[in-house]
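Text of work_5.txt (compact mmCIF, C-alpha atoms) as supplied:
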```
# COMPACT_ATOMS: atom_id res chain seq x y z
CA MET C 821 0.00 0.00 0.00
CA LYS C 822 0.95 3.66 -0.28
CA ALA C 823 1.79 5.37 3.04
CA VAL C 824 3.85 8.19 4.59
CA LEU C 825 6.44 6.58 6.82
CA LEU C 826 8.27 9.01 9.10
CA ARG C 827 11.86 7.84 8.88
CA ARG C 828 13.59 11.03 10.06
CA HIS C 829 12.67 14.34 11.59
CA GLY C 830 12.82 17.53 9.58
CA GLY C 831 10.86 19.93 7.42
CA PRO C 832 7.74 19.07 5.40
CA GLY C 833 9.95 17.68 2.62
CA VAL C 834 10.64 14.53 4.66
CA LEU C 835 7.01 13.50 4.08
CA ARG C 836 6.87 11.39 0.94
CA PRO C 837 4.40 8.62 0.11
CA GLU C 838 6.10 5.27 -0.46
CA GLN C 839 5.13 1.64 -0.86
CA VAL C 840 5.00 -0.39 2.37
CA ALA C 841 3.51 -3.74 3.38
CA ASP C 842 -0.25 -3.90 3.90
CA PRO C 843 -1.36 -4.14 7.57
CA VAL C 844 -3.52 -7.06 8.71
CA ALA C 845 -6.49 -6.92 11.07
CA GLY C 846 -5.50 -8.75 14.25
CA PRO C 847 -7.87 -10.10 16.94
CA GLY C 848 -10.37 -7.43 17.91
CA GLN C 849 -9.30 -5.18 15.02
CA VAL C 850 -10.75 -3.94 11.75
CA LEU C 851 -8.90 -3.08 8.55
CA VAL C 852 -10.05 0.24 7.11
CA ARG C 853 -9.61 1.32 3.51
CA VAL C 854 -8.71 4.98 4.02
CA GLU C 855 -10.39 7.48 1.71
CA ALA C 856 -9.70 10.76 3.53
CA VAL C 857 -7.19 11.83 6.20
CA GLY C 858 -7.50 14.63 8.74
CA VAL C 859 -4.24 16.55 9.33
CA ASN C 860 -3.45 17.56 12.93
CA TYR C 861 -0.89 19.91 14.45
CA ALA C 862 0.36 17.02 16.57
CA GLU C 863 1.63 15.45 13.36
CA VAL C 864 3.59 18.61 12.56
CA LEU C 865 5.23 18.36 15.98
CA SER C 866 5.89 14.64 15.43
CA ARG C 867 7.56 15.38 12.12
CA LYS C 868 9.83 17.89 13.86
CA GLY C 869 10.64 15.51 16.71
CA LEU C 870 8.87 17.71 19.28
CA TYR C 871 6.00 15.37 20.21
CA GLY C 872 6.63 13.23 23.29
CA TRP C 873 3.67 10.92 22.61
CA ALA C 874 4.98 9.89 19.18
CA PRO C 875 5.91 6.21 18.62
CA LYS C 876 9.45 5.13 17.88
CA ARG C 877 10.46 5.73 14.26
CA PRO C 878 9.88 4.62 11.62
CA TYR C 879 6.09 4.73 11.79
CA VAL C 880 3.16 5.84 9.66
CA LEU C 881 1.98 9.30 10.67
CA GLY C 882 -1.67 10.24 11.12
CA MET C 883 -4.29 10.19 13.86
CA GLU C 884 -7.63 10.31 12.06
CA ALA C 885 -9.21 9.13 8.85
CA ALA C 886 -12.44 8.17 7.16
CA GLY C 887 -13.16 5.17 4.98
CA CYS C 888 -14.78 1.74 4.86
CA ILE C 889 -14.07 -1.46 6.77
CA ARG C 890 -12.43 -3.88 4.37
CA ALA C 891 -11.70 -6.82 6.74
CA VAL C 892 -12.32 -7.82 10.35
CA GLY C 893 -10.17 -9.75 12.80
CA VAL C 894 -11.12 -12.58 15.11
CA GLY C 895 -13.78 -11.52 17.60
CA VAL C 896 -15.23 -8.72 15.46
CA ASP C 897 -18.79 -8.94 14.14
CA PRO C 898 -18.51 -9.75 10.39
CA SER C 899 -21.55 -7.54 9.74
CA ARG C 900 -19.23 -4.53 10.06
CA LEU C 901 -17.64 -5.38 6.70
CA GLY C 902 -18.27 -2.53 4.29
CA GLU C 903 -19.32 -0.12 7.05
CA ARG C 904 -18.45 3.54 6.54
CA VAL C 905 -16.44 4.72 9.54
CA MET C 906 -14.39 7.50 11.13
CA VAL C 907 -11.13 6.47 12.80
CA GLY C 908 -9.15 7.97 15.68
CA ALA C 909 -5.77 6.40 16.46
CA LYS C 910 -2.23 7.10 17.67
CA GLN C 911 -0.71 6.51 14.22
CA GLY C 912 -1.31 4.97 10.83
CA ALA C 913 -3.77 7.31 9.08
CA TYR C 914 -1.40 8.60 6.36
CA ALA C 915 -1.92 5.38 4.43
CA GLU C 916 -4.29 3.57 2.09
CA LEU C 917 -5.02 0.96 4.78
CA MET C 918 -4.93 1.04 8.58
CA ALA C 919 -5.64 -1.64 11.20
CA VAL C 920 -7.22 -0.35 14.42
CA GLY C 921 -9.15 -1.66 17.40
CA GLU C 922 -12.82 -2.15 16.64
CA ALA C 923 -13.83 0.56 19.14
CA GLN C 924 -11.67 3.11 17.30
CA ALA C 925 -13.71 2.69 14.10
CA LEU C 926 -16.71 4.93 14.79
CA PRO C 927 -19.96 4.75 12.78
CA ALA C 928 -20.21 7.59 10.29
CA PRO C 929 -23.11 10.06 10.64
CA GLU C 930 -25.56 9.93 7.76
CA GLY C 931 -25.17 12.56 5.08
CA TRP C 932 -21.64 13.69 5.95
CA SER C 933 -18.99 14.02 3.25
CA LEU C 934 -15.70 12.12 3.44
CA GLU C 935 -13.95 15.38 4.24
CA GLU C 936 -16.28 16.09 7.16
CA LEU C 937 -15.86 12.57 8.52
CA ALA C 938 -12.07 12.88 8.46
CA ALA C 939 -12.33 16.24 10.24
CA PHE C 940 -14.37 14.99 13.19
CA PRO C 941 -12.79 12.44 15.59
CA VAL C 942 -9.69 14.18 16.97
CA ASN C 943 -10.66 17.87 16.85
CA TRP C 944 -14.23 17.50 18.07
CA ALA C 945 -13.39 15.04 20.81
CA THR C 946 -10.57 17.34 21.96
CA ALA C 947 -12.96 20.31 22.11
CA TRP C 948 -15.63 18.25 23.89
CA VAL C 949 -13.25 16.86 26.50
CA GLY C 950 -11.77 20.30 27.12
CA LEU C 951 -15.08 22.10 27.48
CA ILE C 952 -17.41 19.48 28.94
CA GLU C 953 -15.32 16.89 30.76
CA MET C 954 -12.50 19.13 32.00
CA GLY C 955 -14.11 22.57 31.93
CA ARG C 956 -17.51 21.48 33.30
CA LEU C 957 -19.22 23.88 30.91
CA LYS C 958 -22.45 25.54 32.12
CA PRO C 959 -24.92 27.52 29.96
CA THR C 960 -24.25 30.61 32.09
CA ASP C 961 -20.49 30.51 31.37
CA ARG C 962 -18.66 33.12 29.37
CA VAL C 963 -16.28 31.08 27.22
CA LEU C 964 -13.06 32.17 25.54
CA VAL C 965 -11.59 30.10 22.69
CA THR C 966 -8.10 30.74 21.30
CA ALA C 967 -6.96 29.58 17.86
CA ALA C 968 -10.67 29.72 17.13
CA GLY C 969 -10.18 29.43 13.38
CA GLY C 970 -8.56 25.99 13.59
CA GLY C 971 -10.07 22.52 13.70
CA VAL C 972 -10.43 22.36 17.50
CA GLY C 973 -11.33 26.03 17.74
CA THR C 974 -14.19 25.93 15.23
CA ALA C 975 -15.54 22.85 17.01
CA ALA C 976 -15.29 24.54 20.42
CA VAL C 977 -17.06 27.70 19.24
CA GLN C 978 -19.97 25.63 17.93
CA LEU C 979 -20.20 23.42 21.02
CA ALA C 980 -20.09 26.34 23.46
CA SER C 981 -22.49 28.58 21.57
CA ARG C 982 -25.03 25.77 21.11
CA SER C 983 -24.77 25.12 24.84
CA GLY C 984 -26.13 28.62 25.42
CA CYS C 985 -22.82 30.28 26.32
CA GLU C 986 -21.50 33.68 25.37
CA VAL C 987 -18.40 32.94 23.28
CA LEU C 988 -15.34 35.17 22.85
CA ALA C 989 -13.01 34.00 20.08
CA LEU C 990 -9.37 34.80 19.28
CA ALA C 991 -7.82 34.08 15.88
CA GLY C 992 -4.99 35.40 13.73
CA SER C 993 -6.86 37.24 10.97
CA GLU C 994 -10.07 39.14 10.32
CA ALA C 995 -11.01 36.63 7.60
CA LYS C 996 -10.96 33.80 10.16
CA LEU C 997 -12.86 35.87 12.71
CA GLU C 998 -15.62 36.63 10.21
CA ARG C 999 -16.18 32.91 9.69
CA VAL C 1000 -15.98 32.21 13.42
CA ARG C 1001 -18.68 34.80 14.11
CA ALA C 1002 -20.93 32.90 11.71
CA LEU C 1003 -20.42 29.81 13.89
CA GLY C 1004 -21.75 31.55 17.00
CA ALA C 1005 -18.96 33.68 18.50
CA SER C 1006 -20.46 36.88 19.90
CA SER C 1007 -17.15 38.77 20.26
CA THR C 1008 -13.89 38.27 18.36
CA LEU C 1009 -10.33 39.58 18.48
CA ASP C 1010 -7.26 39.29 16.23
CA TYR C 1011 -4.39 38.35 18.53
CA ARG C 1012 -1.85 39.42 15.91
CA ALA C 1013 -3.12 43.02 15.88
CA ALA C 1014 -1.31 45.80 17.71
CA GLY C 1015 -2.53 46.32 21.28
CA TRP C 1016 -4.57 43.13 21.30
CA ARG C 1017 -3.87 42.39 24.98
CA SER C 1018 -5.43 45.66 26.15
CA HIS C 1019 -8.34 45.08 23.77
CA LEU C 1020 -8.82 41.62 25.27
CA ALA C 1021 -8.85 43.06 28.80
CA GLY C 1022 -11.46 45.59 27.72
CA LEU C 1023 -13.53 42.94 25.98
CA CYS C 1024 -13.61 40.72 29.06
CA GLY C 1025 -14.20 43.64 31.45
CA ALA C 1026 -14.62 43.33 35.20
CA ARG C 1027 -16.64 40.14 34.87
CA GLY C 1028 -13.85 38.20 33.21
CA VAL C 1029 -14.06 34.74 31.65
CA ASP C 1030 -15.47 31.61 33.28
CA LEU C 1031 -13.88 29.05 30.96
CA ALA C 1032 -11.10 29.31 28.39
CA LEU C 1033 -9.93 26.66 25.92
CA GLU C 1034 -6.32 27.59 25.11
CA MET C 1035 -4.16 26.13 22.36
CA VAL C 1036 -1.47 28.72 21.56
CA GLY C 1037 0.73 29.23 24.63
CA GLY C 1038 3.21 32.05 25.19
CA ASP C 1039 1.79 35.57 25.41
CA VAL C 1040 -1.67 34.35 24.42
CA PHE C 1041 -1.87 31.96 27.37
CA ARG C 1042 -0.64 34.62 29.79
CA ALA C 1043 -3.19 37.16 28.54
CA VAL C 1044 -6.00 34.60 28.73
CA ALA C 1045 -5.03 33.56 32.27
CA ASP C 1046 -5.29 37.21 33.34
CA THR C 1047 -8.94 37.34 32.20
CA LEU C 1048 -10.15 34.46 34.40
CA ALA C 1049 -12.98 35.27 36.79
CA PRO C 1050 -13.18 33.79 40.30
CA PHE C 1051 -13.83 30.05 39.88
CA GLY C 1052 -12.67 30.43 36.27
CA ARG C 1053 -10.64 27.68 34.62
CA VAL C 1054 -8.36 27.60 31.62
CA VAL C 1055 -8.07 24.23 29.88
CA VAL C 1056 -4.88 23.80 27.85
CA SER C 1057 -5.21 21.43 24.91
CA GLY C 1058 -2.34 22.60 22.72
CA TYR C 1059 0.84 24.65 22.48
CA ALA C 1060 1.00 25.93 18.89
CA GLU C 1061 3.94 28.24 19.61
CA LEU C 1062 6.14 25.34 20.72
CA ASP C 1063 9.23 25.37 18.54
CA TYR C 1064 12.83 24.65 19.44
CA THR C 1065 16.00 23.42 17.79
CA LEU C 1066 17.99 20.55 19.27
CA TRP C 1067 21.31 22.41 19.47
CA ASN C 1068 20.00 25.94 20.11
CA PRO C 1069 19.79 26.81 23.86
CA ILE C 1070 18.05 30.11 23.08
CA SER C 1071 15.21 28.21 21.43
CA TRP C 1072 15.02 25.92 24.49
CA TRP C 1073 14.62 28.97 26.71
CA ARG C 1074 11.90 30.42 24.48
CA ALA C 1075 10.02 27.12 24.48
CA TRP C 1076 10.28 26.86 28.28
CA ARG C 1077 9.21 30.48 28.79
CA GLY C 1078 6.22 30.11 26.49
CA MET C 1079 4.95 26.90 28.09
CA PRO C 1080 1.51 27.40 29.68
CA ARG C 1081 1.78 27.45 33.49
CA MET C 1082 0.10 29.00 36.52
CA GLY C 1083 1.60 29.25 39.99
CA LEU C 1084 -0.18 27.74 42.97
CA MET C 1085 -0.27 31.00 44.95
CA ARG C 1086 -1.71 32.87 41.98
CA MET C 1087 -4.48 30.30 41.63
CA LEU C 1088 -5.09 30.35 45.38
CA GLU C 1089 -5.40 34.13 45.53
CA ARG C 1090 -7.76 34.32 42.55
CA SER C 1091 -9.70 31.09 43.17
CA ASN C 1092 -9.20 29.99 39.58
CA GLY C 1093 -7.01 27.41 37.94
CA MET C 1094 -5.49 25.57 35.00
CA LEU C 1095 -6.27 22.11 33.66
CA SER C 1096 -4.89 20.22 30.69
CA THR C 1097 -5.93 17.37 28.44
CA HIS C 1098 -4.40 15.20 25.72
CA LEU C 1099 -6.86 13.05 23.83
CA GLY C 1100 -4.25 10.48 22.86
CA TYR C 1101 -3.70 9.19 26.38
CA LEU C 1102 -7.44 8.59 26.74
CA LEU C 1103 -7.41 6.08 23.88
CA ALA C 1104 -6.11 3.50 26.35
CA ASP C 1105 -9.56 3.56 28.01
CA PRO C 1106 -12.03 2.37 25.32
CA PRO C 1107 -15.13 2.46 27.59
CA LEU C 1108 -14.38 6.08 28.52
CA MET C 1109 -13.85 7.07 24.90
CA ALA C 1110 -17.02 5.24 23.87
CA ARG C 1111 -18.98 7.35 26.36
CA VAL C 1112 -17.29 10.57 25.20
CA PHE C 1113 -17.96 9.90 21.53
CA GLY C 1114 -21.51 8.78 22.28
CA GLU C 1115 -22.38 11.97 24.15
CA LEU C 1116 -20.53 14.15 21.64
CA SER C 1117 -22.22 12.51 18.64
CA ALA C 1118 -25.66 12.86 20.22
CA PHE C 1119 -25.07 16.58 20.89
CA VAL C 1120 -23.80 17.18 17.35
CA ALA C 1121 -26.78 15.38 15.82
CA ARG C 1122 -29.27 17.19 18.07
CA HIS C 1123 -27.92 20.61 17.10
CA GLY C 1124 -27.12 19.85 13.46
CA LEU C 1125 -23.44 20.76 13.80
CA ARG C 1126 -20.80 20.01 11.15
CA PRO C 1127 -16.99 20.13 11.04
CA GLN C 1128 -15.45 23.09 9.21
CA VAL C 1129 -13.26 21.83 6.36
CA GLY C 1130 -11.16 24.68 5.07
CA HIS C 1131 -8.67 22.98 2.73
CA VAL C 1132 -8.69 19.73 0.74
CA LEU C 1133 -5.53 18.44 -0.94
CA PRO C 1134 -4.65 15.17 -2.69
CA PHE C 1135 -2.72 12.69 -0.52
CA GLU C 1136 0.43 13.15 -2.60
CA ARG C 1137 0.59 16.77 -1.39
CA VAL C 1138 0.97 15.84 2.27
CA ALA C 1139 4.09 18.04 2.56
CA ASP C 1140 2.08 21.04 1.31
CA ALA C 1141 -0.60 20.28 3.89
CA HIS C 1142 2.03 20.54 6.65
CA ARG C 1143 3.41 23.76 5.19
CA LEU C 1144 -0.09 25.24 5.15
CA MET C 1145 -0.71 24.26 8.77
CA GLU C 1146 2.63 25.69 9.91
CA SER C 1147 1.90 28.96 8.10
CA ARG C 1148 -0.97 29.59 10.55
CA GLU C 1149 -2.97 30.79 7.54
CA SER C 1150 -5.30 27.78 7.33
CA TYR C 1151 -8.91 27.80 8.45
CA GLY C 1152 -10.78 24.86 9.94
CA LYS C 1153 -9.56 21.39 9.03
CA ILE C 1154 -6.98 20.42 6.43
CA VAL C 1155 -7.95 17.13 4.77
CA LEU C 1156 -6.04 14.84 2.40
CA LEU C 1157 -8.03 12.81 -0.13
CA MET C 1158 -6.83 9.44 -1.41
```

What do you get writing this file as structure tokens?
Amino acid sequence: MKAVLLRRHGGPGVLRPEQVADPVAGPGQVLVRVEAVGVNYAEVLSRKGLYGWAPKRPYVLGMEAAGCIRAVGVGVDPSRLGERVMVGAKQGAYAELMAVGEAQALPAPEGWSLEELAAFPVNWATAWVGLIEMGRLKPTDRVLVTAAGGGVGTAAVQLASRSGCEVLALAGSEAKLERVRALGASSTLDYRAAGWRSHLAGLCGARGVDLALEMVGGDVFRAVADTLAPFGRVVVSGYAELDYTLWNPISWWRAWRGMPRMGLMRMLERSNGMLSTHLGYLLADPPLMARVFGELSAFVARHGLRPQVGHVLPFERVADAHRLMESRESYGKIVLLM
């Protein structure tokens, strides 16, 4: 089969489809014929060698895909053959075939395109876990979402606004903010504009923010933490500004300085706090993830929500997909089509 095997770390040019052996569905697994792949920032970090959760090289990159079940392993109901599914996994999605545990092959919602299916599992589950499970979202909350124009951000804006919350959204361009407002954000701010921190303080006012989903780090995290109201919580689910070079101590210092953190005394004095989540580690608990996806899918169906797919490229242009994501100019989800 054709796949992108990460053999060495480096720039986007290290990502080249090649021929590798077909995987086989083991006991309790299904073999999925991949038709569309969702690109995630975690894969950019993996390519650079900056992602601690990454498997040992060489391995096939990719955490989510959409396709059809082509074969089933021992212990799997044969009636699932031919089923259209969405897949969330630690690796293996940048390929024509991937073998995953049966529970990781999620039934596809009716009427969704391949691109939408590939854009759903990782980003929407990350947003749901951050807002609902970690953040304990309430309809009376004022919610702040950073990187609101990305895959997780567009999901979070929709989930929070449909929950009845007032949503403040930060993104890196007015074009992104215009689209985010259409998703339900009531107030928006370009965090690349001059004086944005003072504008954010004015936007939040004396009331502050009850819940923030933060994915940028650095100055953005620090500004967001300053807006938290009493009993407010900031949930960190990403660090987009993370970037360092192995032999450059200055870059190490910048990465350390920009890492999201809050001191205990600060949290104590303000009665607010910081939480963090990483969806990948939750995959080891299939019953928990089954509950999360069940509740998320029911909410999405009830409110008629859909993933925002901003860019679709052929699989052979995987390197361009990474370049686009690193440019911070993309909107919504980047999807590769087989």

Each residue of region 1077-1154 of chain C lying at most 9 Å from region 912-930 of chain C should get a row with its shortest atom-to-atom pair and the distance in Å to one decimal, counting all atoms listed in the file; could you produce that, ordered by chain and increasing number, as CSV?
```
residue,atom,partner,partner_atom,distance
C:Leu1103,CA,C:Gln924,CA,8.4
C:Pro1106,CA,C:Ala923,CA,6.7
C:Pro1107,CA,C:Ala923,CA,8.8
C:Met1109,CA,C:Ala923,CA,8.7
C:Ala1110,CA,C:Ala923,CA,7.4
C:Phe1113,CA,C:Leu926,CA,8.5
C:Ser1117,CA,C:Pro929,CA,8.4
C:Ala1121,CA,C:Pro929,CA,8.3
C:Phe1135,CA,C:Tyr914,CA,8.1
C:Val1138,CA,C:Tyr914,CA,8.6
```

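For the set C:Ile952, C:Leu1003, C:Met1079, C:Ala1139, the residue with the smallest atom-to-atom gap to Leu1125 (chain C) is C:Leu1003, counting only C-alpha atoms.
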
Taking into account all atoms listed in the file, which residue in the set C:Tyr861, C:Tyr1151, C:Phe1051, C:Tyr1059 is nearest to Asp961 (chain C)?
C:Phe1051

Here is a test: counting only C-alpha atoms, which residue of C:Gly858, C:Pro878, C:Pro843, C:Gly992 is nearest to Arg828 (chain C)?
C:Pro878

Length of the CA of Ala886 (chain C) to CA of Ala938 (chain C) vector [Å]:
4.9 Å

Identify the residues around (5.4, 10.8, 4.0) within a radius of 6 Å, measuring from all atoms listed in the file in the coordinates stated by the file, and give them as a PDB file with C-alpha atoms, keeping the file's coordinate frame.
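What follows is the written file point30.pdb:
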```pdb
ATOM      1  CA  VAL C 824       3.850   8.190   4.590  1.00  0.00           C
ATOM      2  CA  LEU C 825       6.440   6.580   6.820  1.00  0.00           C
ATOM      3  CA  LEU C 835       7.010  13.500   4.080  1.00  0.00           C
ATOM      4  CA  ARG C 836       6.870  11.390   0.940  1.00  0.00           C
ATOM      5  CA  PRO C 837       4.400   8.620   0.110  1.00  0.00           C
TER       6      PRO C 837
END
```

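Among the candidates C:Gly893, C:Gly955, C:Gly833, C:Pro1080, the one nearest to Gly1037 (chain C) when counting all atoms listed in the file is C:Pro1080.
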
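CA of Val880 (chain C) lies 9.0 Å from CA of Arg827 (chain C).
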
I'd like the contact shell of Asp1030 (chain C) - 7 Å cut-off, all atoms listed in the file, skipping same-chain residues fewer than 5 positions apart - returned as a ChimeraX atom specification.
/C:961-963,1048-1049,1051-1053

Record the distance separating CA of Ala995 (chain C) and CA of Asp1010 (chain C), expressed in Å with one decimal.
9.8 Å

Would you compute the box with edges along x, y and z of the file around region 846-861 of chain C, including every atom the file lists for it and 5 Å extra on each side, and give its centre and edge lengths in Å to one decimal, as lines of an AutoDock Vina configuration file?
```
center_x = -5.8
center_y = 4.9
center_z = 9.8
size_x = 19.9
size_y = 40.0
size_z = 26.2
```

Quick one: residues within 10 Å of Val1040 (chain C), only C-alpha atoms, excluding same-chain residues fewer than 3 positions away - as a PDB file with C-alpha atoms, in the frame of the given file?
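Writing done, so here's around-v1.pdb:
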```pdb
ATOM      1  CA  THR C 966      -8.100  30.740  21.300  1.00  0.00           C
ATOM      2  CA  ALA C 967      -6.960  29.580  17.860  1.00  0.00           C
ATOM      3  CA  LEU C 990      -9.370  34.800  19.280  1.00  0.00           C
ATOM      4  CA  TYR C1011      -4.390  38.350  18.530  1.00  0.00           C
ATOM      5  CA  ARG C1012      -1.850  39.420  15.910  1.00  0.00           C
ATOM      6  CA  TRP C1016      -4.570  43.130  21.300  1.00  0.00           C
ATOM      7  CA  ARG C1017      -3.870  42.390  24.980  1.00  0.00           C
ATOM      8  CA  GLU C1034      -6.320  27.590  25.110  1.00  0.00           C
ATOM      9  CA  MET C1035      -4.160  26.130  22.360  1.00  0.00           C
ATOM     10  CA  VAL C1036      -1.470  28.720  21.560  1.00  0.00           C
ATOM     11  CA  GLY C1037       0.730  29.230  24.630  1.00  0.00           C
ATOM     12  CA  ALA C1043      -3.190  37.160  28.540  1.00  0.00           C
ATOM     13  CA  VAL C1044      -6.000  34.600  28.730  1.00  0.00           C
ATOM     14  CA  ALA C1045      -5.030  33.560  32.270  1.00  0.00           C
ATOM     15  CA  GLU C1061       3.940  28.240  19.610  1.00  0.00           C
ATOM     16  CA  GLY C1078       6.220  30.110  26.490  1.00  0.00           C
ATOM     17  CA  PRO C1080       1.510  27.400  29.680  1.00  0.00           C
TER      18      PRO C1080
END
```

Find the residues near Gly869 (chain C): any atom within 8 Å, counting all atoms listed in the file, skip ones fewer than 2 places away on the same chain, and give them as a ChimeraX atom specification.
/C:829-830,865-867,871

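Nearest residue to Glu1136 (chain C), choosing from C:Ala909, C:Ala885, C:Val1155, C:Trp873 and counting all atoms listed in the file: C:Val1155.
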